[in-house]
Amino acid sequence: MSAAPKSRLPQALQATEEDISLLLNAQVHIGTKNVEKKMLPYVWKRRSDGINLINIGKTWEKLVFAARIIASIENPADVVVISARPYGHRAVLKFQSNIGAQAIAGRFTPGAFTNQITRSFKEPRLIVVTDPRVDHQAIREASYVNIPVIALCDTDSPLNFVDVAIPTNNKSKHAIGLIWWLLAREVLRLRGHISRAEPWSVMVDMFFYRDPEEVEREAEAAAAPKPEAIEAAEPAQPDWDISAPQAGIAAAASTLPTAEAGLDWAADGGNTTDWAASAEQTFDAAPAAAQPSGW
């Protein structure tokens, strides 16, 4: 069996074991069941379930090649990164903040590269898209004005008007975020802003898509007071002893007046009222008041 072909990149640009581990954990090599004819050279093999696997070695080579193209542009603002897919919105915005490129996250405004009247008109020297199928409008307009295109392409992605294709899984949020993070790190290394001997201070998690509902839940949890603060704010409650009810009853009974200090009921015996006599007077007066008059 022949040995695996060596990478054509210089020793300094070759992938490390950590980089390959990140690519595998993010499932960058997982393709789709369909394959475009022009993407066949990037497919390693086909699994028994019909899923095509992407050659990670070629993914890394194309990633470094794309980073060298981006780093060769003097003004970083002449590079436009585009992602209409929601999983790539955060990635392109973080790429913009670290590299200095212009980002279009969301819907691409038609005429942004061809119509000079529009407010969003741009004249970039290079564009990078997340998915050629979703970002087809930007790629088509770039072809009208001869703008080179770099695209993150899956096995079923069309390569029309795409100059550099980075074979990767462009449907997973982790794969998209990792590829953009690796691309930004390689550009900064080629520009000399960061060293290859030291890890990049920006975590790869910053490029991953986050669910807005999850962000709201985390914000609510952070704004809610902690249990320790609630206990400190509440006044101390008295420690009631409910284990001895007899003692409580005895304490309550001790507050009642005793026989010696109480009232003498026998002393009021002369002021008794005859309730039976009062009732007879009331019933005798009621018929007299009810007799009709003048009939």
# chains A, B, ... in the order shown; residues from 1 in each chain; ligands from 1
>>> residues_around(residues="Leu188 in chain A", least_positions_apart="2", cutoff="12 Å", atoms="only C-alpha atoms", output="VMD selection string")
chain A and resid 64 67 to 68 70 to 72 76 95 98 to 100 181 to 186 190 to 196 199 to 202
>>> residues_around(residues="Lys37 in chain A", least_positions_apart="4", cutoff="10 Å", atoms="only C-alpha atoms", output="ChimeraX atom specification")
/A:41,155-159
>>> select_by_dssp(residues="range 75-156 of chain A", states="alpha helix (DSSP H)", output="list in words")
His89, Arg90, Ala91, Val92, Leu93, Lys94, Phe95, Gln96, Ser97, Asn98, Ile99, His136, Gln137, Ala138, Ile139, Arg140, Glu141, Ala142, Ser143 and Tyr144 of chain A
>>> write_last_selection(atoms="N, CA, C and O atoms", output="compact mmCIF listing (two decimals), in the first residue's frame")
# COMPACT_ATOMS: atom_id res chain seq x y z
N HIS A 89 -23.51 34.49 10.60
CA HIS A 89 -23.60 35.91 10.92
C HIS A 89 -22.56 36.33 11.94
O HIS A 89 -21.81 37.29 11.74
N ARG A 90 -22.50 35.62 13.03
CA ARG A 90 -21.56 35.98 14.09
C ARG A 90 -20.13 35.79 13.63
O ARG A 90 -19.23 36.55 14.00
N ALA A 91 -19.89 34.77 12.82
CA ALA A 91 -18.53 34.48 12.37
C ALA A 91 -17.98 35.61 11.51
O ALA A 91 -16.83 36.05 11.69
N VAL A 92 -18.78 36.12 10.57
CA VAL A 92 -18.28 37.18 9.68
C VAL A 92 -18.11 38.49 10.45
O VAL A 92 -17.20 39.28 10.15
N LEU A 93 -18.97 38.73 11.44
CA LEU A 93 -18.81 39.94 12.25
C LEU A 93 -17.54 39.88 13.09
O LEU A 93 -16.84 40.89 13.24
N LYS A 94 -17.23 38.70 13.65
CA LYS A 94 -15.99 38.56 14.40
C LYS A 94 -14.78 38.63 13.47
O LYS A 94 -13.73 39.17 13.85
N PHE A 95 -14.92 38.10 12.27
CA PHE A 95 -13.84 38.21 11.29
C PHE A 95 -13.58 39.67 10.93
O PHE A 95 -12.43 40.10 10.79
N GLN A 96 -14.65 40.43 10.81
CA GLN A 96 -14.51 41.86 10.52
C GLN A 96 -13.78 42.58 11.65
O GLN A 96 -12.90 43.40 11.40
N SER A 97 -14.14 42.29 12.90
CA SER A 97 -13.54 43.00 14.02
C SER A 97 -12.07 42.65 14.21
O SER A 97 -11.29 43.48 14.68
N ASN A 98 -11.67 41.44 13.83
CA ASN A 98 -10.27 41.03 14.03
C ASN A 98 -9.39 41.34 12.83
O ASN A 98 -8.20 41.61 13.01
N ILE A 99 -9.94 41.29 11.63
CA ILE A 99 -9.14 41.49 10.42
C ILE A 99 -9.26 42.92 9.91
O ILE A 99 -8.31 43.47 9.37
N HIS A 136 -25.68 33.43 -3.71
CA HIS A 136 -25.51 33.43 -5.17
C HIS A 136 -25.61 34.83 -5.77
O HIS A 136 -24.96 35.13 -6.78
N GLN A 137 -26.43 35.71 -5.15
CA GLN A 137 -26.58 37.06 -5.69
C GLN A 137 -25.26 37.83 -5.61
O GLN A 137 -24.87 38.52 -6.56
N ALA A 138 -24.57 37.72 -4.49
CA ALA A 138 -23.28 38.42 -4.34
C ALA A 138 -22.25 37.86 -5.32
O ALA A 138 -21.46 38.62 -5.91
N ILE A 139 -22.24 36.55 -5.52
CA ILE A 139 -21.27 35.95 -6.44
C ILE A 139 -21.56 36.37 -7.87
O ILE A 139 -20.64 36.69 -8.66
N ARG A 140 -22.82 36.44 -8.25
CA ARG A 140 -23.16 36.83 -9.62
C ARG A 140 -22.79 38.28 -9.88
O ARG A 140 -22.24 38.61 -10.95
N GLU A 141 -23.06 39.16 -8.93
CA GLU A 141 -22.69 40.56 -9.13
C GLU A 141 -21.18 40.74 -9.14
O GLU A 141 -20.65 41.60 -9.85
N ALA A 142 -20.46 39.94 -8.34
CA ALA A 142 -19.00 40.02 -8.37
C ALA A 142 -18.45 39.59 -9.72
O ALA A 142 -17.43 40.13 -10.19
N SER A 143 -19.13 38.65 -10.36
CA SER A 143 -18.66 38.22 -11.69
C SER A 143 -18.85 39.31 -12.74
O SER A 143 -18.11 39.37 -13.73
N TYR A 144 -19.84 40.20 -12.53
CA TYR A 144 -20.07 41.28 -13.48
C TYR A 144 -18.95 42.31 -13.47
O TYR A 144 -18.67 42.94 -14.48
>>> select_by_dssp(residues="range 35-251 of chain A", states="strand (DSSP E)", output="VMD selection string")
chain A and resid 43 to 46 52 to 54 79 to 83 102 to 105 126 to 129 149 to 153 164 to 167
>>> residues_around(residues="Ile166 in chain A", least_positions_apart="3", cutoff="9 Å", atoms="only C-alpha atoms", output="ChimeraX atom specification")
/A:58-63,66,150-154
>>> write_last_selection(atoms="C-alpha atoms", output="compact mmCIF listing (two decimals), in the first residue's frame")
# COMPACT_ATOMS: atom_id res chain seq x y z
CA LYS A 58 -7.10 19.61 0.92
CA THR A 59 -9.32 21.69 3.20
CA TRP A 60 -6.25 22.92 5.07
CA GLU A 61 -4.30 23.61 1.86
CA LYS A 62 -7.13 25.70 0.42
CA LEU A 63 -7.57 27.46 3.76
CA ALA A 66 -7.20 31.74 0.81
CA ILE A 150 -13.49 32.78 -2.15
CA ALA A 151 -16.24 30.44 -0.95
CA LEU A 152 -16.78 27.80 1.72
CA CYS A 153 -18.07 24.92 -0.41
CA ASP A 154 -19.75 21.69 0.58
>>> residues_around(residues="Thr32 in chain A", least_positions_apart="4", cutoff="12 Å", atoms="only C-alpha atoms", output="list in words")
Gln27, Val28, Glu36, Met39, Val43, Lys45, Arg46, Arg47, Asp49, Gly50, Ile51, Asn52, Leu53, Ile54, Cys153, Asp154, Thr155, Asp156, Ser157, Pro167, Thr168, Asn169, Asn170, Lys171 and Ser172 of chain A
>>> closest_residue(among="A:Val35, A:Val187, A:Ile73, A:Leu40", to="Leu13 in chain A", atoms="only C-alpha atoms")
A:Val187
>>> atom_distance(atom1="CA of Leu23 in chain A", atom2="CA of Tyr42 in chain A")
15.3 Å
>>> closest_atom_pairs(of="range 63-93 of chain A", to="range 106-121 of chain A", cutoff="10 Å", atoms="only C-alpha atoms", output="Markdown table")
| residue | atom | partner | partner_atom | distance |
| --- | --- | --- | --- | --- |
| A:Ile82 | CA | A:Phe108 | CA | 8.0 |
| A:Ser83 | CA | A:Gly106 | CA | 6.2 |
| A:Ala84 | CA | A:Gly106 | CA | 4.4 |
| A:Arg85 | CA | A:Gly106 | CA | 7.0 |
| A:Pro86 | CA | A:Gly106 | CA | 7.1 |
| A:Gly88 | CA | A:Gly106 | CA | 9.0 |
| A:His89 | CA | A:Gly106 | CA | 6.8 |
>>> closest_residue(among="A:Thr130, A:Asn146, A:Asn55, A:Asn25", to="Ile104 in chain A", atoms="only C-alpha atoms")
A:Thr130
>>> closest_residue(among="A:Thr16, A:Arg189, A:Tyr87, A:Ile147", to="Phe207 in chain A", atoms="only C-alpha atoms")
A:Tyr87
